[in-house]
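Source file: input-v8.cif; contents: mmCIF, N, CA and C atoms.
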data_model
loop_
_atom_site.label_atom_id
_atom_site.label_comp_id
_atom_site.auth_asym_id
_atom_site.auth_seq_id
_atom_site.Cartn_x
_atom_site.Cartn_y
_atom_site.Cartn_z
N MET J 1 0.84 -1.18 0.00
CA MET J 1 0.00 0.00 0.00
C MET J 1 0.89 1.24 0.00
N ASN J 2 0.48 2.24 -0.73
CA ASN J 2 1.26 3.47 -0.83
C ASN J 2 1.08 4.35 0.40
N HIS J 3 2.09 5.17 0.64
CA HIS J 3 2.01 6.14 1.72
C HIS J 3 1.34 7.41 1.19
N ILE J 4 0.78 8.18 2.09
CA ILE J 4 0.18 9.46 1.74
C ILE J 4 1.23 10.54 1.93
N HIS J 5 1.37 11.42 0.96
CA HIS J 5 2.30 12.54 1.08
C HIS J 5 1.71 13.53 2.08
N ILE J 6 2.37 13.69 3.21
CA ILE J 6 1.82 14.43 4.35
C ILE J 6 1.53 15.89 4.00
N LYS J 7 2.48 16.59 3.40
CA LYS J 7 2.27 18.01 3.10
C LYS J 7 1.16 18.20 2.06
N SER J 8 1.11 17.34 1.06
CA SER J 8 0.07 17.46 0.03
C SER J 8 -1.31 17.20 0.60
N PHE J 9 -1.42 16.18 1.43
CA PHE J 9 -2.72 15.87 2.04
C PHE J 9 -3.15 17.00 2.97
N GLY J 10 -2.21 17.54 3.73
CA GLY J 10 -2.52 18.68 4.60
C GLY J 10 -2.97 19.88 3.80
N PHE J 11 -2.28 20.15 2.68
CA PHE J 11 -2.64 21.28 1.83
C PHE J 11 -4.02 21.09 1.21
N ALA J 12 -4.30 19.88 0.73
CA ALA J 12 -5.61 19.59 0.14
C ALA J 12 -6.72 19.76 1.18
N THR J 13 -6.48 19.30 2.37
CA THR J 13 -7.47 19.45 3.44
C THR J 13 -7.66 20.92 3.78
N GLY J 14 -6.56 21.65 3.88
CA GLY J 14 -6.63 23.08 4.19
C GLY J 14 -7.40 23.86 3.14
N ILE J 15 -7.13 23.60 1.87
CA ILE J 15 -7.83 24.29 0.78
C ILE J 15 -9.33 23.94 0.80
N THR J 16 -9.64 22.66 1.00
CA THR J 16 -11.04 22.24 1.02
C THR J 16 -11.81 22.93 2.13
N VAL J 17 -11.26 22.95 3.33
CA VAL J 17 -11.95 23.57 4.46
C VAL J 17 -11.99 25.09 4.29
N ALA J 18 -10.95 25.69 3.72
CA ALA J 18 -10.95 27.13 3.46
C ALA J 18 -12.05 27.49 2.46
N LEU J 19 -12.28 26.65 1.47
CA LEU J 19 -13.37 26.89 0.53
C LEU J 19 -14.73 26.82 1.22
N LEU J 20 -14.87 25.88 2.15
CA LEU J 20 -16.11 25.81 2.94
C LEU J 20 -16.28 27.08 3.77
N TYR J 21 -15.19 27.57 4.35
CA TYR J 21 -15.22 28.81 5.13
C TYR J 21 -15.68 29.97 4.26
N LEU J 22 -15.11 30.06 3.05
CA LEU J 22 -15.50 31.13 2.14
C LEU J 22 -16.97 31.01 1.74
N GLY J 23 -17.44 29.79 1.57
CA GLY J 23 -18.86 29.57 1.27
C GLY J 23 -19.74 30.10 2.38
N CYS J 24 -19.35 29.83 3.61
CA CYS J 24 -20.11 30.35 4.76
C CYS J 24 -20.09 31.87 4.77
N ALA J 25 -18.92 32.45 4.49
CA ALA J 25 -18.80 33.91 4.47
C ALA J 25 -19.69 34.50 3.37
N LEU J 26 -19.76 33.84 2.22
CA LEU J 26 -20.61 34.33 1.14
C LEU J 26 -22.09 34.25 1.51
N VAL J 27 -22.48 33.17 2.16
CA VAL J 27 -23.88 33.05 2.60
C VAL J 27 -24.21 34.21 3.53
N MET J 28 -23.33 34.50 4.48
CA MET J 28 -23.59 35.58 5.43
C MET J 28 -23.59 36.95 4.75
N ASN J 29 -22.76 37.09 3.72
CA ASN J 29 -22.63 38.39 3.06
C ASN J 29 -23.79 38.68 2.11
N PHE J 30 -24.34 37.66 1.47
CA PHE J 30 -25.31 37.89 0.41
C PHE J 30 -26.75 37.47 0.75
N THR J 31 -27.00 37.07 1.99
CA THR J 31 -28.36 36.73 2.38
C THR J 31 -28.77 37.56 3.59
N SER J 32 -30.05 37.54 3.85
CA SER J 32 -30.57 38.28 5.00
C SER J 32 -30.21 37.54 6.29
N PRO J 33 -30.27 38.24 7.42
CA PRO J 33 -30.00 37.56 8.70
C PRO J 33 -30.92 36.36 8.94
N GLU J 34 -32.18 36.46 8.56
CA GLU J 34 -33.11 35.35 8.77
C GLU J 34 -32.76 34.15 7.88
N THR J 35 -32.40 34.41 6.63
CA THR J 35 -32.00 33.33 5.73
C THR J 35 -30.71 32.68 6.22
N THR J 36 -29.77 33.51 6.66
CA THR J 36 -28.51 32.98 7.20
C THR J 36 -28.78 32.11 8.42
N ARG J 37 -29.63 32.59 9.30
CA ARG J 37 -29.97 31.83 10.50
C ARG J 37 -30.61 30.50 10.14
N THR J 38 -31.56 30.50 9.23
CA THR J 38 -32.23 29.27 8.80
C THR J 38 -31.23 28.29 8.19
N PHE J 39 -30.34 28.81 7.33
CA PHE J 39 -29.34 27.97 6.68
C PHE J 39 -28.43 27.29 7.70
N PHE J 40 -27.86 28.06 8.60
CA PHE J 40 -26.92 27.50 9.56
C PHE J 40 -27.60 26.66 10.64
N ASN J 41 -28.84 26.98 10.99
CA ASN J 41 -29.58 26.13 11.92
C ASN J 41 -29.76 24.74 11.31
N GLY J 42 -29.99 24.66 10.02
CA GLY J 42 -30.11 23.37 9.34
C GLY J 42 -28.80 22.60 9.36
N LEU J 43 -27.69 23.29 9.16
CA LEU J 43 -26.37 22.64 9.20
C LEU J 43 -26.04 22.10 10.58
N PHE J 44 -26.49 22.81 11.61
CA PHE J 44 -26.17 22.42 12.98
C PHE J 44 -27.30 21.63 13.63
N HIS J 45 -28.13 20.99 12.81
CA HIS J 45 -29.17 20.08 13.27
C HIS J 45 -30.10 20.71 14.30
N GLY J 46 -30.54 21.92 14.01
CA GLY J 46 -31.54 22.55 14.86
C GLY J 46 -31.01 23.39 16.00
N ILE J 47 -29.70 23.45 16.18
CA ILE J 47 -29.16 24.34 17.21
C ILE J 47 -29.39 25.77 16.74
N ASP J 48 -30.04 26.57 17.54
CA ASP J 48 -30.36 27.94 17.15
C ASP J 48 -29.14 28.83 17.32
N ILE J 49 -28.56 29.24 16.20
CA ILE J 49 -27.37 30.09 16.27
C ILE J 49 -27.74 31.57 16.29
N GLY J 50 -29.04 31.87 16.23
CA GLY J 50 -29.48 33.26 16.16
C GLY J 50 -28.98 34.13 17.30
N THR J 51 -28.85 33.56 18.48
CA THR J 51 -28.42 34.36 19.63
C THR J 51 -26.92 34.66 19.61
N ILE J 52 -26.15 33.89 18.86
CA ILE J 52 -24.70 34.12 18.83
C ILE J 52 -24.22 34.62 17.46
N MET J 53 -25.13 34.76 16.52
CA MET J 53 -24.78 35.16 15.16
C MET J 53 -24.50 36.66 15.11
N ARG J 54 -23.41 37.00 14.45
CA ARG J 54 -23.04 38.41 14.25
C ARG J 54 -22.87 38.61 12.76
N MET J 55 -23.70 39.44 12.15
CA MET J 55 -23.71 39.59 10.70
C MET J 55 -22.64 40.56 10.19
N LYS J 56 -22.21 41.48 11.01
CA LYS J 56 -21.26 42.49 10.54
C LYS J 56 -19.83 42.06 10.86
N ILE J 57 -19.25 41.31 9.94
CA ILE J 57 -17.88 40.83 10.08
C ILE J 57 -17.01 41.66 9.15
N THR J 58 -15.92 42.18 9.67
CA THR J 58 -15.04 43.00 8.84
C THR J 58 -14.22 42.13 7.90
N LEU J 59 -13.68 42.74 6.86
CA LEU J 59 -12.82 42.02 5.92
C LEU J 59 -11.58 41.48 6.63
N LYS J 60 -11.04 42.27 7.56
CA LYS J 60 -9.87 41.84 8.33
C LYS J 60 -10.19 40.57 9.13
N GLU J 61 -11.36 40.53 9.77
CA GLU J 61 -11.76 39.35 10.53
C GLU J 61 -11.96 38.14 9.62
N THR J 62 -12.52 38.38 8.44
CA THR J 62 -12.75 37.30 7.49
C THR J 62 -11.43 36.71 7.01
N ILE J 63 -10.48 37.56 6.68
CA ILE J 63 -9.18 37.08 6.21
C ILE J 63 -8.44 36.34 7.33
N ALA J 64 -8.48 36.89 8.54
CA ALA J 64 -7.84 36.21 9.67
C ALA J 64 -8.50 34.86 9.92
N GLY J 65 -9.82 34.79 9.87
CA GLY J 65 -10.53 33.53 10.05
C GLY J 65 -10.19 32.53 8.95
N LEU J 66 -10.06 33.01 7.73
CA LEU J 66 -9.70 32.14 6.61
C LEU J 66 -8.32 31.53 6.81
N ILE J 67 -7.37 32.35 7.21
CA ILE J 67 -6.01 31.87 7.45
C ILE J 67 -5.98 30.88 8.62
N GLN J 68 -6.65 31.22 9.70
CA GLN J 68 -6.70 30.32 10.86
C GLN J 68 -7.35 28.98 10.50
N THR J 69 -8.42 29.05 9.75
CA THR J 69 -9.12 27.83 9.33
C THR J 69 -8.21 26.97 8.46
N PHE J 70 -7.51 27.59 7.51
CA PHE J 70 -6.60 26.85 6.64
C PHE J 70 -5.50 26.17 7.47
N VAL J 71 -4.89 26.90 8.39
CA VAL J 71 -3.80 26.34 9.19
C VAL J 71 -4.28 25.16 10.04
N ILE J 72 -5.41 25.32 10.69
CA ILE J 72 -5.94 24.24 11.52
C ILE J 72 -6.28 23.03 10.66
N ALA J 73 -6.91 23.25 9.51
CA ALA J 73 -7.27 22.13 8.63
C ALA J 73 -6.01 21.48 8.06
N TRP J 74 -4.98 22.28 7.74
CA TRP J 74 -3.72 21.71 7.25
C TRP J 74 -3.11 20.79 8.31
N LEU J 75 -3.11 21.25 9.55
CA LEU J 75 -2.57 20.43 10.64
C LEU J 75 -3.37 19.14 10.82
N ILE J 76 -4.67 19.23 10.70
CA ILE J 76 -5.50 18.03 10.82
C ILE J 76 -5.20 17.07 9.68
N GLY J 77 -5.16 17.57 8.46
CA GLY J 77 -4.88 16.72 7.30
C GLY J 77 -3.50 16.09 7.38
N ALA J 78 -2.51 16.88 7.76
CA ALA J 78 -1.14 16.34 7.89
C ALA J 78 -1.08 15.30 8.99
N SER J 79 -1.80 15.52 10.08
CA SER J 79 -1.82 14.54 11.16
C SER J 79 -2.46 13.23 10.71
N VAL J 80 -3.58 13.32 9.99
CA VAL J 80 -4.24 12.12 9.49
C VAL J 80 -3.29 11.35 8.58
N ALA J 81 -2.62 12.05 7.66
CA ALA J 81 -1.69 11.38 6.75
C ALA J 81 -0.53 10.75 7.50
N ALA J 82 0.03 11.45 8.47
CA ALA J 82 1.16 10.93 9.22
C ALA J 82 0.76 9.69 10.02
N ILE J 83 -0.38 9.77 10.68
CA ILE J 83 -0.85 8.62 11.47
C ILE J 83 -1.13 7.43 10.55
N TYR J 84 -1.76 7.70 9.42
CA TYR J 84 -2.02 6.63 8.45
C TYR J 84 -0.72 5.98 8.00
N ASN J 85 0.28 6.81 7.66
CA ASN J 85 1.56 6.27 7.21
C ASN J 85 2.23 5.42 8.28
N ILE J 86 2.15 5.85 9.52
CA ILE J 86 2.73 5.06 10.62
C ILE J 86 2.01 3.73 10.75
N LEU J 87 0.69 3.78 10.74
CA LEU J 87 -0.09 2.55 10.90
C LEU J 87 0.09 1.59 9.73
N ILE J 88 0.14 2.10 8.51
CA ILE J 88 0.31 1.23 7.35
C ILE J 88 1.72 0.64 7.32
N SER J 89 2.71 1.39 7.81
CA SER J 89 4.08 0.86 7.89
C SER J 89 4.16 -0.28 8.87
N ARG J 90 3.53 -0.11 10.03
CA ARG J 90 3.52 -1.18 11.04
C ARG J 90 2.77 -2.40 10.54
N ARG J 91 1.69 -2.17 9.81
CA ARG J 91 0.92 -3.30 9.28
C ARG J 91 1.74 -4.07 8.26
N ASN J 92 2.46 -3.34 7.41
CA ASN J 92 3.29 -4.00 6.41
C ASN J 92 4.43 -4.78 7.05
N LEU J 93 4.96 -4.31 8.17
CA LEU J 93 6.01 -5.02 8.87
C LEU J 93 5.47 -6.32 9.46
N ASN J 94 4.25 -6.29 9.96
CA ASN J 94 3.64 -7.48 10.57
C ASN J 94 3.25 -8.53 9.54
N VAL J 95 2.93 -8.10 8.32
CA VAL J 95 2.49 -9.03 7.27
C VAL J 95 3.68 -9.83 6.74
N LYS J 96 4.83 -9.21 6.65
CA LYS J 96 5.99 -9.87 6.04
C LYS J 96 6.65 -10.87 6.92
#
Encoded form using C-alpha cells:
Amino acid sequence: MNHIHIKSFGFATGITVALLYLGCALVMNFTSPETTRTFFNGLFHGIDIGTIMRMKITLKETIAGLIQTFVIAWLIGASVAAIYNILISRRNLNVK
C-alpha cells in the first residue's frame, strides 16, 4: 500500500476547508439575517445560532478567520496522513 504525502494531504485538506469557510462567508454576506440563521440552523441540526450570530464581520476578521481555518485544517490533514503512514508501515512489517 502506498504512503500518503503528508504536506500534500494537509494542503488539500486546508484548501477544502478554506473553501467551505468562504462559502459560509458568502452566505452571510449575500443573504438576510433570517435566511442565514435558517441555513446554519439546518447545518447544525436545529441548534439555534441566532443568539450568537453576528452579521457584521469586517474584511480583516474574514481574512484572519480564513487563514486560521486553513492552518488548523492543514494540521488536521497532515496529522491524518502521518498517522495513516505510521499505521500502514507497522501493518506492512507485521504481514511480512
TODO: Can you work out which one of J:Leu75, J:Ala64, J:Ile47, J:Val27 has the shortest atom-to-atom distance to J:Phe9, counting only C-alpha atoms?
DONE: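 With only C-alpha atoms as the atom set, the closest residue is J:Leu75.
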- [ ] Write down as a VMD selection string the residues belonging to stretch 3-90 of chain J that are assigned alpha helix (DSSP H) by DSSP computed on the backbone.
- [x] chain J and resid 6 to 30 33 to 43 59 to 90
Open item on the list: I want to know what sits within 12 Å of J:Asn29, based on only C-alpha atoms, with residues of the same chain fewer than 2 positions away left out; could you give that as number ranges by chain?
Closed with: J: 22-27, 31-33, 35-36, 54-59, 62
- [ ] Any chance you could resolve the PyMOL selection byres (((chain J and resi 8 and name CA) around 12) and name CA) against this file and give the residues as a list in words?
- [x] His3, Ile4, His5, Ile6, Lys7, Phe9, Gly10, Phe11, Ala12, Thr13, Gly14, Ile15, Trp74, Leu75, Gly77, Ala78, Ser79, Val80, Ala81 and Ala82 of chain J
Please produce a file of those selected residues containing N, CA and C atoms, as a compact mmCIF listing (two decimals), in the frame of the given file.
# COMPACT_ATOMS: atom_id res chain seq x y z
N HIS J 3 2.09 5.17 0.64
CA HIS J 3 2.01 6.14 1.72
C HIS J 3 1.34 7.41 1.19
N ILE J 4 0.78 8.18 2.09
CA ILE J 4 0.18 9.46 1.74
C ILE J 4 1.23 10.54 1.93
N HIS J 5 1.37 11.42 0.96
CA HIS J 5 2.30 12.54 1.08
C HIS J 5 1.71 13.53 2.08
N ILE J 6 2.37 13.69 3.21
CA ILE J 6 1.82 14.43 4.35
C ILE J 6 1.53 15.89 4.00
N LYS J 7 2.48 16.59 3.40
CA LYS J 7 2.27 18.01 3.10
C LYS J 7 1.16 18.20 2.06
N PHE J 9 -1.42 16.18 1.43
CA PHE J 9 -2.72 15.87 2.04
C PHE J 9 -3.15 17.00 2.97
N GLY J 10 -2.21 17.54 3.73
CA GLY J 10 -2.52 18.68 4.60
C GLY J 10 -2.97 19.88 3.80
N PHE J 11 -2.28 20.15 2.68
CA PHE J 11 -2.64 21.28 1.83
C PHE J 11 -4.02 21.09 1.21
N ALA J 12 -4.30 19.88 0.73
CA ALA J 12 -5.61 19.59 0.14
C ALA J 12 -6.72 19.76 1.18
N THR J 13 -6.48 19.30 2.37
CA THR J 13 -7.47 19.45 3.44
C THR J 13 -7.66 20.92 3.78
N GLY J 14 -6.56 21.65 3.88
CA GLY J 14 -6.63 23.08 4.19
C GLY J 14 -7.40 23.86 3.14
N ILE J 15 -7.13 23.60 1.87
CA ILE J 15 -7.83 24.29 0.78
C ILE J 15 -9.33 23.94 0.80
N TRP J 74 -4.98 22.28 7.74
CA TRP J 74 -3.72 21.71 7.25
C TRP J 74 -3.11 20.79 8.31
N LEU J 75 -3.11 21.25 9.55
CA LEU J 75 -2.57 20.43 10.64
C LEU J 75 -3.37 19.14 10.82
N GLY J 77 -5.16 17.57 8.46
CA GLY J 77 -4.88 16.72 7.30
C GLY J 77 -3.50 16.09 7.38
N ALA J 78 -2.51 16.88 7.76
CA ALA J 78 -1.14 16.34 7.89
C ALA J 78 -1.08 15.30 8.99
N SER J 79 -1.80 15.52 10.08
CA SER J 79 -1.82 14.54 11.16
C SER J 79 -2.46 13.23 10.71
N VAL J 80 -3.58 13.32 9.99
CA VAL J 80 -4.24 12.12 9.49
C VAL J 80 -3.29 11.35 8.58
N ALA J 81 -2.62 12.05 7.66
CA ALA J 81 -1.69 11.38 6.75
C ALA J 81 -0.53 10.75 7.50
N ALA J 82 0.03 11.45 8.47
CA ALA J 82 1.16 10.93 9.22
C ALA J 82 0.76 9.69 10.02
- [ ] Go ahead and compute the interatomic distance for atom CA of J:Phe40 and atom N of J:Phe70, in Å to one decimal.
- [x] 19.5 Å
- [ ] Figure out the distance between atom CA of J:Gly50 and atom CA of J:Thr38, please, to one decimal in Å.
- [x]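 Calculated distance between atom CA of J:Thr38 and atom CA of J:Gly50 is 8.8 Å.
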Go ahead and fit an axis-aligned box to every listed atom of stretch 7-14 of chain J plus 4 Å each side, and pass me the centre and edge lengths in Å, one decimal, as JSON.
{"center_x": -2.6, "center_y": 19.9, "center_z": 2.3, "size_x": 18.1, "size_y": 16.0, "size_z": 12.6}
Task: Atom pair atom CA of J:Asn85 / atom CA of J:Ile72: separation (Å) - done: 19.9 Å
Open item on the list: Could you list, as a list in words, every residue within 7 Å of stretch 16-21 of chain J, counting only N, CA and C atoms and ignoring same-chain residues fewer than 6 positions away?
Closed with: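 Once the adjacent positions are removed, what remains is Leu66, Thr69, Phe70 and Ala73 of chain J.
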